[in-house]
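Colleague: Okay, handing you the structure first.
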Amino acid sequence: MKNETKNFSALINNESFLRWLRGTSSADETTKWRKWHLESFYNQELTRKAKKIINMPFENPDVSAEDVKREIERFNKHFLRLVNDKGSE
């Protein structure tokens, strides 16, 4: 299960994979991901799960995975600072 989570996390943060799911990938990317998708049932399941996530109403194709990562890091730093400040009182 740990490897599946790791593989899924890597995919959902892969800009090329996300473009393919959204239908905006280049011809080369499309060929690559179609081939990968057909290689195994496992890949098909990962694709199905990823599609469910990117089709959720909060998904914004104008925000890159890198931007999301940066915002999460900013939030975590802020949150940890608040927790640490609270613990030192």
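So you can find residues: chains in the structure tokens are A, B, ... in the order shown, residues in each start at 1, and ligands are numbered from 1 in order.
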Can you list, as a PyMOL selection string, every protein, DNA or RNA residue that comes within 10 Å of segment 13-25 of chain A when you count only C-alpha atoms, leaving out same-chain residues fewer than 3 positions away?

Modeller: chain A and resi 8-10+28-34+47-48+50-51+54-55+61+64-66+68-69

Colleague: Can you work out the spacing between atom CA of Glu45 of chain A and atom CA of Asp62 of chain A in Å, to one decimal?

Modeller: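 One can read the atom CA of Glu45 of chain A to atom CA of Asp62 of chain A distance as 25.5 Å.
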
Colleague: Quick one: pull the distance between atom CA of Lys77 of chain A and atom CA of Asn7 of chain A, Å, one decimal.

Modeller: 25.5 Å

Colleague: Please give the complete set of residues from segment 14-81 of chain A that DSSP, run on the backbone, assigns to helix (DSSP H, G or I), formatted as an mmCIF file with C-alpha atoms, in the first residue's frame.

Modeller:
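New file part-v1.cif:
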data_model
loop_
_atom_site.group_PDB
_atom_site.id
_atom_site.type_symbol
_atom_site.label_atom_id
_atom_site.label_comp_id
_atom_site.auth_asym_id
_atom_site.auth_seq_id
_atom_site.Cartn_x
_atom_site.Cartn_y
_atom_site.Cartn_z
ATOM 1 C CA GLU A 15 2.381 17.893 -15.002
ATOM 2 C CA SER A 16 2.616 15.706 -18.118
ATOM 3 C CA PHE A 17 0.270 13.102 -16.604
ATOM 4 C CA LEU A 18 -2.190 15.809 -15.565
ATOM 5 C CA ARG A 19 -2.152 17.328 -19.058
ATOM 6 C CA TRP A 20 -2.931 13.875 -20.467
ATOM 7 C CA LEU A 21 -5.874 13.423 -18.105
ATOM 8 C CA ARG A 22 -7.192 16.887 -18.996
ATOM 9 C CA ALA A 27 1.037 14.001 -29.136
ATOM 10 C CA ASP A 28 4.186 12.466 -27.620
ATOM 11 C CA GLU A 29 2.796 12.735 -24.089
ATOM 12 C CA THR A 30 -0.500 11.213 -25.183
ATOM 13 C CA THR A 31 1.276 8.251 -26.766
ATOM 14 C CA LYS A 32 3.456 7.778 -23.674
ATOM 15 C CA TRP A 33 0.566 7.847 -21.191
ATOM 16 C CA ARG A 34 -1.792 5.723 -23.297
ATOM 17 C CA LYS A 35 0.903 3.064 -23.553
ATOM 18 C CA TRP A 36 1.587 3.275 -19.811
ATOM 19 C CA HIS A 37 -2.143 3.109 -19.051
ATOM 20 C CA LEU A 38 -2.598 -0.068 -21.092
ATOM 21 C CA GLU A 39 0.417 -1.836 -19.548
ATOM 22 C CA PHE A 41 -4.629 -3.057 -14.480
ATOM 23 C CA TYR A 42 -2.711 -1.305 -11.686
ATOM 24 C CA ASN A 43 -1.936 1.650 -14.007
ATOM 25 C CA GLN A 44 -5.571 1.766 -15.068
ATOM 26 C CA GLU A 45 -6.651 1.947 -11.419
ATOM 27 C CA LEU A 46 -4.188 4.766 -10.705
ATOM 28 C CA THR A 47 -5.548 6.626 -13.737
ATOM 29 C CA ARG A 48 -9.132 6.117 -12.588
ATOM 30 C CA LYS A 49 -8.325 7.461 -9.100
ATOM 31 C CA ALA A 50 -6.439 10.447 -10.500
ATOM 32 C CA LYS A 51 -9.308 11.318 -12.851
ATOM 33 C CA LYS A 52 -11.726 11.284 -9.922
ATOM 34 C CA ILE A 53 -9.536 13.736 -8.038
ATOM 35 C CA ILE A 54 -8.871 16.175 -10.875
ATOM 36 C CA ALA A 65 1.243 21.220 -9.111
ATOM 37 C CA GLU A 66 4.341 23.239 -8.212
ATOM 38 C CA ASP A 67 2.186 26.183 -7.097
ATOM 39 C CA VAL A 68 0.091 23.866 -4.950
ATOM 40 C CA LYS A 69 3.239 22.375 -3.390
ATOM 41 C CA ARG A 70 4.562 25.863 -2.608
ATOM 42 C CA GLU A 71 1.306 26.869 -0.959
ATOM 43 C CA ILE A 72 1.231 23.703 1.132
ATOM 44 C CA GLU A 73 4.798 24.360 2.268
ATOM 45 C CA ARG A 74 3.911 27.961 3.160
ATOM 46 C CA PHE A 75 0.901 26.795 5.133
ATOM 47 C CA ASN A 76 2.912 24.105 6.943
ATOM 48 C CA LYS A 77 5.623 26.605 7.923
ATOM 49 C CA HIS A 78 3.008 29.054 9.198
ATOM 50 C CA PHE A 79 1.113 26.337 11.056
ATOM 51 C CA LEU A 80 4.283 24.932 12.655
ATOM 52 C CA ARG A 81 5.313 28.425 13.727
#
